[in-house]
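Enquirer: This is the structure, below, for whatever I ask next.
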Amino acid sequence: MSTPSASVPLAWPLPALRRAAPVLPLLAVIALLGLPAETDSGATPADLTCGLVLLWAAVLTVRRARRPLTRTAAVVLGLPVVGIAVSATGAVTPGDAVTGLARYLQVFVLVPLAMVLLVRGPRDARLVLRGLAGLALWQGAVGVHQYLTGTGASYQGAYIRAVGTFGPHDVMGMATVVAAGVVSLTGLALGTGARRQRVAAAVCAVALLVPLALSFSRGSWIATAVTCGAQLLLTGVRRAVKVFAAVAAASVVLVGGFGVGGSALQERLTSITQVAGAPDQSVVDRYTMWAASIDMWDEHPVRGVGLKAFPAYRDSHASLALSSGSDTEGDGQAFRRQPLLSPHNMYMLLLSEQGLLGLVTVAGSWLALLVCALRRLRRLRGAAEARDCALAACGLLLWQLVNFLYSDIGGPSTTLTGVCFGVVAWWSLAAHSAGCADVRLRRGAKCRRPSDTPSWAVGSDPR
């Protein structure tokens with residue numbers, strides 16, 4: 001007589017998949033960012049999957065038959081559309097207008113909007129955060145292998161720069177992914193209640209510091225240090241002081257005592273403070289392009305020179321100190337002179353291409369997200385269930401805002417920026433998840449489930 005035991009291993013994942021169905025397309029986007037990026041490619045598989053995410057969000061919203069957004073969410077997410085659309089009318093070519101409009105809307109409006117609609121609560125948010133951590137561990141492992149085997153991007157004549165699967169043409173890609181993983185894991189470690197989960201998240205976050213260091217990305221180092229320090233301070237001053245002291249002691253022992261990191265890494269660290277005396281050419285180029293951005297804004301103060309028009313106006317506004325481009329080379333990839341097509345500062349890029357209108361609407365939306373996120377974090381009491389998600393969301397936004405001082409959007413890793421803003425938008429604006437949790441924590445009330453209509457896709461409430 002046969003027994004049904006053989007079918008049990010096949011049946012157990014179905015309830016979990018059913019509960020996670022709304023965010024599975026988001027996890028697919030994150031997973032596709034782990035594939036090797038093609039040089040000179042336009043839309044990546046992750047970008048194309050973002051279209052499916054938007055379609056999935058629209059379908060589930062219609063099935064739930066309720067108002068998808070609060071007024072605050074509609075205003076905050078709709079504000080960037082104004083500046084971006086006006087700036088698109090001033091683009092040099094119609095192609096630039098279309099591609100620039102699509103990219104800005106994807107990163108700062110559409111993907112965050114889809115995540116507000118799809119992520120139903122802390123359980124779904126944790127799946128996304130763990131997906132970011134898994135992607136960071138994969139890219140970090142590839143980057144460490146590149147450093148040890150000399151198969152990365154060229155740095156000081158050696159192929160030791162860790163770039164992950166993004167390749168030498170996007171040297172910031174792996175650093176962005178790994179930093180997002182560090183920030184997500186730090187939030188999970190500081191906010192979760194289970195000791196085993198805290199330890200696992202903390203160990204993984206510390207391990208990711210190795211590939212982050214080997215990326216030789218000074219901007220990512222600064223943004224990560226500032227963000228993790230802020231996350232610690234949000235959980236308590238005493239804990240922050242203890243961790244800061246432990247990190248300082250470990251750094252002195254590892255770098256000063258054992259010489260961990262090598263001369264290249266130590267020289268890169270030292271160069272952070274050498275921006276006034278004898279800066280390297282990359283710093284000179286960056287300051288020169290910043291000055292050119294201000295000149296462009298001075299000539300077109302309201303709406304800027306137009307989307308993707310910075311390269312067309314660059315040479316007429318930049319000084320002779322600007323080099324013709326940056327050198328990129330890697331193991332298996334030939335030397336290439338990559339043109340400088342942006343000021344490597346998101347705020348300067350907004351100011352030059354979109355003027356004051358774009359800076360106020362787009363950056364104003366980011367500021368509104370930060371205020372809403374911190375307000376909801378402040379409302380949490382004690383060891384609240386969503387505290388880990390709140391710390392991670394606030395950290396991801398703060399990291400982006402600090403990193404935008406040294407970089408801007410562009411390249412295959414830009415899709416990840418949209419996902420990070422989506423996590424923040426969910427925590428800041430989704431009234432049916434975070435807002436309901438706030439009320440329950442303050443008043444002890446029970447939250448009503450997001451939908452009373454049963455659906456195979458929606459599943460049960462994740463809380």
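Ligands are numbered from 1 in the order shown, residues from 1 within each chain, and chains are lettered A, B, ... in the order they appear in the structure tokens.
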Got a sec: who's within 10 Å of Val419 (chain A), counting only C-alpha atoms, leaving out chain neighbours fewer than 6 positions off, as a ChimeraX atom specification?
Expert: /A:26-27,29-30,50,106-108,111-112,114-115,128-129,132,396,425
Enquirer: Can those selected residues be exported to a file as a tab-separated table (two decimals), in the first residue's frame so that it contains all heavy atoms?
Expert:
```tsv
chain	number	residue	atom	x	y	z
A	26	LEU	N	9.59	41.42	-7.63
A	26	LEU	CA	10.64	42.27	-7.09
A	26	LEU	C	11.90	41.46	-6.80
A	26	LEU	O	13.02	41.92	-7.08
A	26	LEU	CB	10.16	42.94	-5.80
A	26	LEU	CG	8.99	43.93	-5.95
A	26	LEU	CD1	8.49	44.35	-4.58
A	26	LEU	CD2	9.43	45.14	-6.75
A	27	LEU	N	11.73	40.27	-6.26
A	27	LEU	CA	12.88	39.39	-6.02
A	27	LEU	C	13.53	38.98	-7.32
A	27	LEU	O	14.76	38.81	-7.39
A	27	LEU	CB	12.44	38.17	-5.22
A	27	LEU	CG	11.87	38.44	-3.82
A	27	LEU	CD1	11.44	37.14	-3.16
A	27	LEU	CD2	12.90	39.16	-2.95
A	29	VAL	N	13.71	40.89	-10.01
A	29	VAL	CA	14.52	42.04	-10.42
A	29	VAL	C	15.86	42.03	-9.70
A	29	VAL	O	16.93	42.25	-10.31
A	29	VAL	CB	13.75	43.35	-10.14
A	29	VAL	CG1	14.66	44.56	-10.35
A	29	VAL	CG2	12.53	43.46	-11.02
A	30	ILE	N	15.83	41.78	-8.39
A	30	ILE	CA	17.07	41.75	-7.61
A	30	ILE	C	17.98	40.63	-8.08
A	30	ILE	O	19.19	40.80	-8.22
A	30	ILE	CB	16.73	41.61	-6.12
A	30	ILE	CG1	15.97	42.83	-5.62
A	30	ILE	CG2	18.00	41.41	-5.29
A	30	ILE	CD1	15.45	42.71	-4.20
A	50	CYS	N	11.26	45.19	-14.54
A	50	CYS	CA	10.56	46.27	-13.84
A	50	CYS	C	9.22	46.56	-14.50
A	50	CYS	O	8.25	46.92	-13.81
A	50	CYS	CB	11.42	47.53	-13.81
A	50	CYS	SG	12.82	47.47	-12.67
A	106	GLN	N	11.33	55.63	-13.93
A	106	GLN	CA	11.51	54.27	-13.44
A	106	GLN	C	12.10	54.26	-12.04
A	106	GLN	O	11.58	53.57	-11.14
A	106	GLN	CB	12.42	53.49	-14.38
A	106	GLN	CG	12.80	52.11	-13.86
A	106	GLN	CD	14.05	51.55	-14.53
A	106	GLN	OE1	14.65	52.20	-15.39
A	106	GLN	NE2	14.45	50.35	-14.15
A	107	VAL	N	13.16	55.03	-11.83
A	107	VAL	CA	13.91	54.96	-10.58
A	107	VAL	C	13.19	55.67	-9.44
A	107	VAL	O	13.11	55.15	-8.31
A	107	VAL	CB	15.32	55.55	-10.78
A	107	VAL	CG1	16.08	55.59	-9.45
A	107	VAL	CG2	16.09	54.73	-11.80
A	108	PHE	N	12.64	56.86	-9.71
A	108	PHE	CA	12.13	57.70	-8.62
A	108	PHE	C	10.61	57.73	-8.50
A	108	PHE	O	10.10	58.28	-7.52
A	108	PHE	CB	12.65	59.13	-8.81
A	108	PHE	CG	14.14	59.23	-8.80
A	108	PHE	CD1	14.84	59.76	-9.88
A	108	PHE	CD2	14.87	58.78	-7.71
A	108	PHE	CE1	16.22	59.85	-9.86
A	108	PHE	CE2	16.25	58.87	-7.68
A	108	PHE	CZ	16.93	59.40	-8.77
A	111	VAL	N	8.94	52.43	-9.95
A	111	VAL	CA	9.33	51.30	-9.11
A	111	VAL	C	8.95	51.53	-7.64
A	111	VAL	O	8.40	50.64	-6.99
A	111	VAL	CB	10.84	50.99	-9.26
A	111	VAL	CG1	11.28	49.94	-8.25
A	111	VAL	CG2	11.15	50.51	-10.67
A	112	PRO	N	9.22	52.72	-7.05
A	112	PRO	CA	8.72	52.96	-5.69
A	112	PRO	C	7.20	52.84	-5.58
A	112	PRO	O	6.69	52.31	-4.59
A	112	PRO	CB	9.19	54.40	-5.40
A	112	PRO	CG	10.41	54.57	-6.24
A	112	PRO	CD	10.12	53.81	-7.50
A	114	ALA	N	5.23	50.95	-7.41
A	114	ALA	CA	4.89	49.52	-7.47
A	114	ALA	C	5.16	48.84	-6.14
A	114	ALA	O	4.38	47.99	-5.69
A	114	ALA	CB	5.68	48.84	-8.58
A	115	MET	N	6.24	49.21	-5.46
A	115	MET	CA	6.54	48.57	-4.18
A	115	MET	C	5.59	49.01	-3.09
A	115	MET	O	5.27	48.23	-2.18
A	115	MET	CB	8.00	48.86	-3.80
A	115	MET	CG	9.00	48.21	-4.73
A	115	MET	SD	10.71	48.29	-4.14
A	115	MET	CE	10.63	47.28	-2.67
A	128	VAL	N	12.35	41.32	0.65
A	128	VAL	CA	13.10	42.21	-0.24
A	128	VAL	C	14.46	42.55	0.34
A	128	VAL	O	15.48	42.52	-0.37
A	128	VAL	CB	12.28	43.48	-0.52
A	128	VAL	CG1	13.08	44.45	-1.39
A	128	VAL	CG2	10.96	43.14	-1.20
A	129	LEU	N	14.52	42.85	1.63
A	129	LEU	CA	15.80	43.18	2.26
A	129	LEU	C	16.76	42.00	2.25
A	129	LEU	O	17.96	42.17	2.01
A	129	LEU	CB	15.56	43.64	3.70
A	129	LEU	CG	14.80	44.97	3.87
A	129	LEU	CD1	14.48	45.22	5.34
A	129	LEU	CD2	15.62	46.13	3.30
A	132	LEU	N	18.18	41.75	-1.17
A	132	LEU	CA	19.29	42.69	-1.34
A	132	LEU	C	20.56	42.16	-0.68
A	132	LEU	O	21.66	42.29	-1.24
A	132	LEU	CB	18.92	44.05	-0.74
A	132	LEU	CG	17.81	44.84	-1.44
A	132	LEU	CD1	17.51	46.11	-0.66
A	132	LEU	CD2	18.20	45.17	-2.87
A	396	LEU	N	18.72	52.95	3.98
A	396	LEU	CA	18.86	52.93	2.53
A	396	LEU	C	18.67	54.32	1.93
A	396	LEU	O	19.38	54.72	1.00
A	396	LEU	CB	17.85	51.95	1.92
A	396	LEU	CG	18.15	50.46	2.15
A	396	LEU	CD1	16.99	49.61	1.65
A	396	LEU	CD2	19.44	50.05	1.46
A	425	ALA	N	9.83	54.06	0.20
A	425	ALA	CA	8.47	54.53	-0.08
A	425	ALA	C	7.44	53.67	0.62
A	425	ALA	O	6.44	54.18	1.14
A	425	ALA	CB	8.22	54.53	-1.60
```
Enquirer: Check the DSSP output for the backbone and give back, as a PyMOL selection string, the residues of region 131-380 of chain A in strand (DSSP E or B).
Expert: chain A and resi 153-155+158-161+326-330+333-338
Enquirer: Which one is closest to Glu353 (chain A): A:Leu101, A:Leu55, A:Met296, A:Leu320? Count only C-alpha atoms.
Expert: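 Nearest to Glu353 (chain A): A:Met296.
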Enquirer: Which value, in Å to one decimal, gives the distance between CA of Val177 (chain A) and CA of Val402 (chain A)?
Expert: 15.2 Å
Enquirer: I'd like the contact shell of Leu214 (chain A) - 8 Å cut-off, only C-alpha atoms, skipping same-chain residues fewer than 5 positions apart - returned as a ChimeraX atom specification.
Expert: /A:143-144,147,160-162,265
Enquirer: Restrict the selected residues to N, CA, C and O atoms and save them as a PDB file, in the first residue's frame.
Expert:
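Output file part15.pdb follows:
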```
ATOM      1  N   GLY A 143      33.612  39.792  -6.238  1.00  0.00           N
ATOM      2  CA  GLY A 143      34.603  40.852  -6.131  1.00  0.00           C
ATOM      3  C   GLY A 143      35.852  40.425  -5.378  1.00  0.00           C
ATOM      4  O   GLY A 143      36.972  40.759  -5.792  1.00  0.00           O
ATOM      5  N   VAL A 144      35.695  39.698  -4.284  1.00  0.00           N
ATOM      6  CA  VAL A 144      36.862  39.219  -3.536  1.00  0.00           C
ATOM      7  C   VAL A 144      37.674  38.254  -4.390  1.00  0.00           C
ATOM      8  O   VAL A 144      38.924  38.296  -4.395  1.00  0.00           O
ATOM      9  N   TYR A 147      39.787  40.233  -6.761  1.00  0.00           N
ATOM     10  CA  TYR A 147      40.952  40.842  -6.114  1.00  0.00           C
ATOM     11  C   TYR A 147      42.051  39.807  -5.875  1.00  0.00           C
ATOM     12  O   TYR A 147      43.243  40.074  -6.131  1.00  0.00           O
ATOM     13  N   ILE A 160      43.056  44.542  -9.815  1.00  0.00           N
ATOM     14  CA  ILE A 160      42.701  44.152  -8.452  1.00  0.00           C
ATOM     15  C   ILE A 160      41.431  44.835  -7.945  1.00  0.00           C
ATOM     16  O   ILE A 160      40.987  44.545  -6.839  1.00  0.00           O
ATOM     17  N   ARG A 161      40.839  45.708  -8.722  1.00  0.00           N
ATOM     18  CA  ARG A 161      39.656  46.414  -8.248  1.00  0.00           C
ATOM     19  C   ARG A 161      38.426  45.519  -8.364  1.00  0.00           C
ATOM     20  O   ARG A 161      38.096  45.027  -9.444  1.00  0.00           O
ATOM     21  N   ALA A 162      37.744  45.294  -7.246  1.00  0.00           N
ATOM     22  CA  ALA A 162      36.573  44.422  -7.232  1.00  0.00           C
ATOM     23  C   ALA A 162      35.386  45.142  -7.861  1.00  0.00           C
ATOM     24  O   ALA A 162      34.980  46.212  -7.383  1.00  0.00           O
ATOM     25  N   LEU A 265      45.031  50.033  -0.759  1.00  0.00           N
ATOM     26  CA  LEU A 265      43.863  50.400   0.033  1.00  0.00           C
ATOM     27  C   LEU A 265      44.192  51.524   0.994  1.00  0.00           C
ATOM     28  O   LEU A 265      43.396  52.471   1.163  1.00  0.00           O
TER      29      LEU A 265
END
```
Enquirer: Name the residues of region 275-310 of chain A that come out as helix (DSSP H, G or I) in a backbone DSSP run; write them as an MDAnalysis selection string.
Expert: chainID A and resid 281:299 310
Enquirer: Write out as a VMD selection string which residues come within 12 Å of Trp221 (chain A) when counting only C-alpha atoms, dropping same-chain ones fewer than 3 positions away.
Expert: chain A and resid 172 175 to 176 178 to 180 182 to 183 208 to 218 224 to 228 265 268 to 269 272 399 402 to 403 406
Enquirer: Set the distance at 6 Å and use only C-alpha atoms: which residues neighbour Ser352 (chain A) once local chain neighbours fewer than 4 positions away are removed? I'd like the list as a PyMOL selection string.
Expert: chain A and resi 293+296-297+304
Enquirer: Just checking: using only C-alpha atoms, which residue out of A:Thr49, A:Val423, A:Leu341, A:Gln197 ends up closest to Gly131 (chain A)?
Expert: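 Closest residue, counting only C-alpha atoms: A:Val423.
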